[in-house]
Amino acid sequence: REVPEVLLLGGFDAQVARTPDAVAVVFEGESLTYAQFDGRVNRLARFLIDAGVGPESLVGVGMRRSLDLVIGMYAVLRAGGGYVPIDPDQPAERNEYVLDTAAPVCVLSTSRDGVAVSGHRVVDIDVVDVSGYSSAEVVESELLGPVRPENTAYVIFTSGSTGRPKGVAVSHRAVVNLLSWMAFEYGFTDSDVVVQKAPVTFDVSVWELFLPLAVGARLVVARPDGHRDPEYMLSLIDGAGVTVAEFVPSMLGTLLADPAVQIP
């Protein structure tokens with residue numbers, strides 16, 4: 001698609017200015033407005049900048065689904081870096097290989113997730129003190145360098161089923177192109193409620209995480225492993241008023257087989 005020369009968080013920034021008091025992210029009964037979420041992202045981003053994160057540097061993100069996970073990913077991008085998702089439940093050998101290959105500045109995690117990697121600095125963002133950092137907008141002069149649409153937004157690694165996992169760097173421009181197409185093709189609006197349930201090591205998670213907040217919609221984050229539980233997913237979709245969810249065919253078939261599902 002023909003898209004403007006903007007960064008991945010450009011749409012989100014516009015929504016913060018437009019509807020600061022609207023609910024942005026919900027997880028297990030806790031919610032943050034666009035302004036609250038933005039403030040937490042900005043504080044962590046400034047911490048990351050001080051740690052040396054900037055354009056074309058990478059940060060590992062090793063957390064299970066939570067508000068902290070979403071804040072961490074947005075903060076890496078706000079600091080100008082690219083995120084590298086790792087799954088705490090995957091073998092340590094794989095995760096260490098991914099991180100050794102990516103060479104991140106640090107790895108974001110939480111004290112409850114207990115990600116264990118050797119040779120890399122781990123920052124538990126649920127306990128690190130960022131209160132000394134401003135929650136205000138991060139301006140370009142604070143960054144370690146200018147961020148452009150061709151810079152890396154994230155690096156995702158293949159499954160490695162036919163050998164060693166291989167990392168693919170994806171630019172801001174590429175993701176913005178995808179989100180622009182999806183928003184138009186599926187008619188997303190600020191009245192939508194989108195559930196985020198794909199593992200962040202699966203690239204489907206990218207549109208779930210970034211498209212809703214780019215159009216002013218609400219992002220509902222499923223609990224860890226909740227995507228494997230049809231009963232839980234049905235309850236979440238119904239209770240949160242979810243309007244958009246993505247399923248692989250096998251999981252969709254399981255869900256539709258549930259007697260509680262009524263197809264119009």
# chains A, B, ... in the order shown; residues from 1 in each chain; ligands from 1
>>> residues_around(residues="Asp50 in chain A", least_positions_apart="5", cutoff="12 Å", atoms="only C-alpha atoms", output="list in words")
Arg43, Leu44, Ala45, Ala79, Val105, Cys106, Val130, Tyr133, Glu142, Leu143 and Leu144 of chain A
>>> closest_atom_pairs(of="range 125-217 of chain A", to="range 16-19 of chain A", cutoff="12 Å", atoms="only C-alpha atoms", output="tab-separated table")
residue	atom	partner	partner_atom	distance
A:Ala136	CA	A:Val16	CA	11.6
A:Glu137	CA	A:Val16	CA	10.2
A:Asp190	CA	A:Thr19	CA	9.9
A:Leu213	CA	A:Val16	CA	8.9
A:Ala214	CA	A:Val16	CA	9.4
A:Val215	CA	A:Val16	CA	10.4
A:Gly216	CA	A:Thr19	CA	7.6
A:Ala217	CA	A:Thr19	CA	10.3
>>> write_last_selection(atoms="all heavy atoms", output="mmCIF file, in the first residue's frame")
data_model
loop_
_atom_site.group_PDB
_atom_site.id
_atom_site.type_symbol
_atom_site.label_atom_id
_atom_site.label_comp_id
_atom_site.auth_asym_id
_atom_site.auth_seq_id
_atom_site.Cartn_x
_atom_site.Cartn_y
_atom_site.Cartn_z
ATOM 1 N N ALA A 136 6.422 12.123 30.079
ATOM 2 C CA ALA A 136 6.033 12.984 28.956
ATOM 3 C C ALA A 136 6.537 12.405 27.639
ATOM 4 O O ALA A 136 7.344 11.468 27.604
ATOM 5 C CB ALA A 136 6.592 14.393 29.163
ATOM 6 N N GLU A 137 6.077 12.985 26.566
ATOM 7 C CA GLU A 137 6.465 12.551 25.222
ATOM 8 C C GLU A 137 7.988 12.498 25.076
ATOM 9 O O GLU A 137 8.695 13.411 25.513
ATOM 10 C CB GLU A 137 5.885 13.521 24.189
ATOM 11 C CG GLU A 137 6.290 13.243 22.753
ATOM 12 C CD GLU A 137 5.824 14.333 21.803
ATOM 13 O OE1 GLU A 137 5.188 15.297 22.274
ATOM 14 O OE2 GLU A 137 6.104 14.216 20.589
ATOM 15 N N ASP A 190 -12.242 2.788 15.870
ATOM 16 C CA ASP A 190 -11.973 2.940 17.299
ATOM 17 C C ASP A 190 -13.042 2.289 18.177
ATOM 18 O O ASP A 190 -12.912 2.270 19.403
ATOM 19 C CB ASP A 190 -11.800 4.418 17.665
ATOM 20 C CG ASP A 190 -13.017 5.261 17.309
ATOM 21 O OD1 ASP A 190 -14.049 4.703 16.888
ATOM 22 O OD2 ASP A 190 -12.925 6.504 17.433
ATOM 23 N N LEU A 213 -4.198 -0.185 18.722
ATOM 24 C CA LEU A 213 -3.873 1.113 19.309
ATOM 25 C C LEU A 213 -3.518 2.150 18.258
ATOM 26 O O LEU A 213 -3.483 3.347 18.545
ATOM 27 C CB LEU A 213 -2.735 0.965 20.320
ATOM 28 C CG LEU A 213 -2.999 -0.002 21.484
ATOM 29 C CD1 LEU A 213 -1.940 0.154 22.566
ATOM 30 C CD2 LEU A 213 -4.398 0.176 22.075
ATOM 31 N N ALA A 214 -3.281 1.711 17.026
ATOM 32 C CA ALA A 214 -3.034 2.658 15.937
ATOM 33 C C ALA A 214 -4.322 3.268 15.413
ATOM 34 O O ALA A 214 -4.294 4.320 14.763
ATOM 35 C CB ALA A 214 -2.289 1.974 14.793
ATOM 36 N N VAL A 215 -5.468 2.623 15.690
ATOM 37 C CA VAL A 215 -6.749 3.138 15.198
ATOM 38 C C VAL A 215 -7.664 3.584 16.340
ATOM 39 O O VAL A 215 -8.817 3.925 16.110
ATOM 40 C CB VAL A 215 -7.479 2.085 14.324
ATOM 41 C CG1 VAL A 215 -6.642 1.723 13.104
ATOM 42 C CG2 VAL A 215 -7.837 0.840 15.120
ATOM 43 N N GLY A 216 -7.159 3.559 17.575
ATOM 44 C CA GLY A 216 -7.961 4.009 18.707
ATOM 45 C C GLY A 216 -8.848 2.948 19.301
ATOM 46 O O GLY A 216 -9.737 3.255 20.100
ATOM 47 N N ALA A 217 -8.635 1.689 18.933
ATOM 48 C CA ALA A 217 -9.439 0.590 19.459
ATOM 49 C C ALA A 217 -8.915 0.150 20.826
ATOM 50 O O ALA A 217 -7.956 0.718 21.361
ATOM 51 C CB ALA A 217 -9.430 -0.580 18.479
#
>>> residues_around(residues="range 225-230 of chain A", least_positions_apart="5", cutoff="9 Å", atoms="only C-alpha atoms", output="count of residues only")
10
>>> select_by_dssp(residues="range 32-212 of chain A", states="strand (DSSP E)", output="JSON, numbers by chain")
{"A": [32, 33, 58, 59, 60, 61, 82, 83, 84, 85, 107, 108, 109, 122, 123, 124, 152, 153, 154, 155, 156, 157, 167, 168, 169, 170, 171, 193, 194, 195, 196]}
>>> atom_distance(atom1="CA of Val23 in chain A", atom2="CA of Val193 in chain A")
10.3 Å
>>> closest_residue(among="A:Glu5, A:Asp13, A:Glu30, A:Glu185", to="Arg223 in chain A", atoms="only C-alpha atoms")
A:Glu30
>>> residues_around(residues="Leu7 in chain A", least_positions_apart="4", cutoff="7 Å", atoms="only C-alpha atoms", output="list in words")
Pro149, His172 and Arg173 of chain A
>>> write_last_selection(atoms="N, CA and C atoms", output="compact mmCIF listing (two decimals), in the first residue's frame")
# COMPACT_ATOMS: atom_id res chain seq x y z
N PRO A 149 11.89 5.04 8.81
CA PRO A 149 11.03 3.90 8.47
C PRO A 149 11.80 2.64 8.06
N HIS A 172 10.15 -0.81 10.22
CA HIS A 172 8.95 -0.04 10.54
C HIS A 172 8.07 0.09 9.30
N ARG A 173 8.69 0.40 8.16
CA ARG A 173 7.94 0.61 6.93
C ARG A 173 7.11 -0.63 6.57
>>> closest_residue(among="A:Asp38, A:Glu231, A:Asp100, A:Glu56", to="Gly72 in chain A", atoms="only C-alpha atoms")
A:Asp38
>>> atom_distance(atom1="CA of Val41 in chain A", atom2="CA of Val25 in chain A")
12.4 Å
>>> closest_residue(among="A:Ser159, A:Gln196, A:Glu150, A:Asn42", to="Val175 in chain A", atoms="only C-alpha atoms")
A:Glu150
>>> select_by_dssp(residues="range 196-262 of chain A", states="helix (DSSP H, G or I)", output="ChimeraX atom specification")
/A:204-214,226-228,230-240,249-256
>>> write_last_selection(atoms="N, CA, C and O atoms", output="short mmCIF file (atom, residue, chain, number, x, y, z; two decimals), in the first residue's frame")
data_model
loop_
_atom_site.label_atom_id
_atom_site.label_comp_id
_atom_site.auth_asym_id
_atom_site.auth_seq_id
_atom_site.Cartn_x
_atom_site.Cartn_y
_atom_site.Cartn_z
N VAL A 204 1.92 -13.42 13.77
CA VAL A 204 0.53 -12.95 13.84
C VAL A 204 0.36 -11.95 14.99
O VAL A 204 -0.48 -11.04 14.94
N SER A 205 1.19 -12.12 16.03
CA SER A 205 1.07 -11.24 17.19
C SER A 205 1.31 -9.77 16.84
O SER A 205 0.83 -8.88 17.54
N VAL A 206 2.04 -9.51 15.77
CA VAL A 206 2.43 -8.13 15.45
C VAL A 206 1.21 -7.27 15.17
O VAL A 206 1.07 -6.16 15.70
N TRP A 207 0.29 -7.76 14.32
CA TRP A 207 -0.89 -6.93 14.04
C TRP A 207 -1.78 -6.84 15.27
O TRP A 207 -2.39 -5.79 15.54
N GLU A 208 -1.87 -7.94 16.06
CA GLU A 208 -2.70 -7.90 17.27
C GLU A 208 -2.20 -6.83 18.23
O GLU A 208 -3.00 -6.14 18.88
N LEU A 209 -0.90 -6.70 18.35
CA LEU A 209 -0.31 -5.78 19.32
C LEU A 209 -0.36 -4.32 18.89
O LEU A 209 -0.52 -3.43 19.73
N PHE A 210 -0.22 -4.07 17.59
CA PHE A 210 -0.02 -2.69 17.16
C PHE A 210 -1.17 -2.08 16.37
O PHE A 210 -1.34 -0.86 16.38
N LEU A 211 -1.98 -2.87 15.70
CA LEU A 211 -3.08 -2.29 14.92
C LEU A 211 -4.17 -1.68 15.80
O LEU A 211 -4.62 -0.56 15.53
N PRO A 212 -4.62 -2.36 16.86
CA PRO A 212 -5.71 -1.76 17.66
C PRO A 212 -5.39 -0.36 18.17
O PRO A 212 -6.21 0.56 18.05
N LEU A 213 -4.20 -0.19 18.72
CA LEU A 213 -3.87 1.11 19.31
C LEU A 213 -3.52 2.15 18.26
O LEU A 213 -3.48 3.35 18.54
N ALA A 214 -3.28 1.71 17.03
CA ALA A 214 -3.03 2.66 15.94
C ALA A 214 -4.32 3.27 15.41
O ALA A 214 -4.29 4.32 14.76
N GLY A 226 -3.94 -18.93 27.76
CA GLY A 226 -5.39 -18.85 27.56
C GLY A 226 -5.82 -19.19 26.15
O GLY A 226 -6.95 -19.65 25.94
N HIS A 227 -4.92 -18.97 25.19
CA HIS A 227 -5.28 -19.24 23.78
C HIS A 227 -5.49 -20.73 23.52
O HIS A 227 -6.02 -21.10 22.49
N ARG A 228 -5.08 -21.57 24.47
CA ARG A 228 -5.26 -23.02 24.29
C ARG A 228 -6.56 -23.52 24.93
O ARG A 228 -6.86 -24.70 24.85
N PRO A 230 -10.49 -23.23 24.93
CA PRO A 230 -11.68 -22.69 24.26
C PRO A 230 -12.69 -22.07 25.22
O PRO A 230 -13.27 -21.02 24.93
N GLU A 231 -12.89 -22.69 26.37
CA GLU A 231 -13.87 -22.16 27.33
C GLU A 231 -13.44 -20.78 27.83
O GLU A 231 -14.25 -19.85 27.92
N TYR A 232 -12.18 -20.66 28.15
CA TYR A 232 -11.67 -19.35 28.59
C TYR A 232 -11.79 -18.31 27.48
O TYR A 232 -12.22 -17.18 27.73
N MET A 233 -11.42 -18.70 26.26
CA MET A 233 -11.47 -17.74 25.16
C MET A 233 -12.89 -17.26 24.91
O MET A 233 -13.13 -16.08 24.68
N LEU A 234 -13.85 -18.18 24.96
CA LEU A 234 -15.24 -17.79 24.76
C LEU A 234 -15.70 -16.82 25.85
O LEU A 234 -16.39 -15.83 25.59
N SER A 235 -15.29 -17.11 27.09
CA SER A 235 -15.66 -16.24 28.20
C SER A 235 -15.03 -14.86 28.06
O SER A 235 -15.69 -13.84 28.29
N LEU A 236 -13.76 -14.83 27.63
CA LEU A 236 -13.08 -13.55 27.45
C LEU A 236 -13.72 -12.74 26.33
O LEU A 236 -13.97 -11.53 26.47
N ILE A 237 -13.98 -13.39 25.21
CA ILE A 237 -14.57 -12.71 24.06
C ILE A 237 -15.93 -12.11 24.43
O ILE A 237 -16.25 -10.97 24.09
N ASP A 238 -16.72 -12.90 25.15
CA ASP A 238 -18.06 -12.45 25.54
C ASP A 238 -17.98 -11.34 26.59
O ASP A 238 -18.62 -10.29 26.46
N GLY A 239 -17.17 -11.57 27.62
CA GLY A 239 -17.11 -10.62 28.72
C GLY A 239 -16.49 -9.29 28.35
O GLY A 239 -16.89 -8.24 28.87
N ALA A 240 -15.50 -9.30 27.46
CA ALA A 240 -14.81 -8.07 27.08
C ALA A 240 -15.42 -7.41 25.86
O ALA A 240 -14.98 -6.34 25.44
N PRO A 249 -6.83 -22.42 11.81
CA PRO A 249 -8.01 -23.24 11.51
C PRO A 249 -8.31 -24.32 12.54
O PRO A 249 -9.48 -24.56 12.88
N SER A 250 -7.29 -24.99 13.07
CA SER A 250 -7.54 -26.08 14.02
C SER A 250 -8.18 -25.56 15.29
O SER A 250 -9.12 -26.17 15.83
N MET A 251 -7.69 -24.43 15.80
CA MET A 251 -8.26 -23.87 17.02
C MET A 251 -9.65 -23.31 16.76
O MET A 251 -10.55 -23.45 17.58
N LEU A 252 -9.86 -22.71 15.60
CA LEU A 252 -11.19 -22.19 15.26
C LEU A 252 -12.20 -23.33 15.20
O LEU A 252 -13.33 -23.20 15.68
N GLY A 253 -11.79 -24.46 14.62
CA GLY A 253 -12.68 -25.61 14.55
C GLY A 253 -13.08 -26.10 15.93
O GLY A 253 -14.24 -26.44 16.18
N THR A 254 -12.11 -26.13 16.84
CA THR A 254 -12.40 -26.55 18.22
C THR A 254 -13.36 -25.58 18.88
O THR A 254 -14.30 -25.98 19.58
N LEU A 255 -13.14 -24.31 18.65
CA LEU A 255 -13.99 -23.28 19.25
C LEU A 255 -15.42 -23.37 18.72
O LEU A 255 -16.39 -23.33 19.47
N LEU A 256 -15.55 -23.53 17.40
CA LEU A 256 -16.88 -23.56 16.80
C LEU A 256 -17.64 -24.83 17.15
O LEU A 256 -18.86 -24.88 17.04
#
>>> atom_distance(atom1="CA of Gly82 in chain A", atom2="CA of Gly52 in chain A")
12.5 Å
>>> closest_residue(among="A:Gly10, A:Gly39, A:Gly163, A:Pro20", to="Ser135 in chain A", atoms="only C-alpha atoms")
A:Gly39
>>> residues_around(residues="Pro88 in chain A", least_positions_apart="5", cutoff="9 Å", atoms="only C-alpha atoms", output="PyMOL selection string")
chain A and resi 62-64+95+113-116
>>> closest_residue(among="A:Met73, A:Val3, A:Ala102, A:Ile49", to="Lys166 in chain A", atoms="only C-alpha atoms")
A:Ala102
>>> closest_residue(among="A:Asp192, A:Gly187, A:Leu179, A:Thr243", to="Glu2 in chain A", atoms="only C-alpha atoms")
A:Leu179
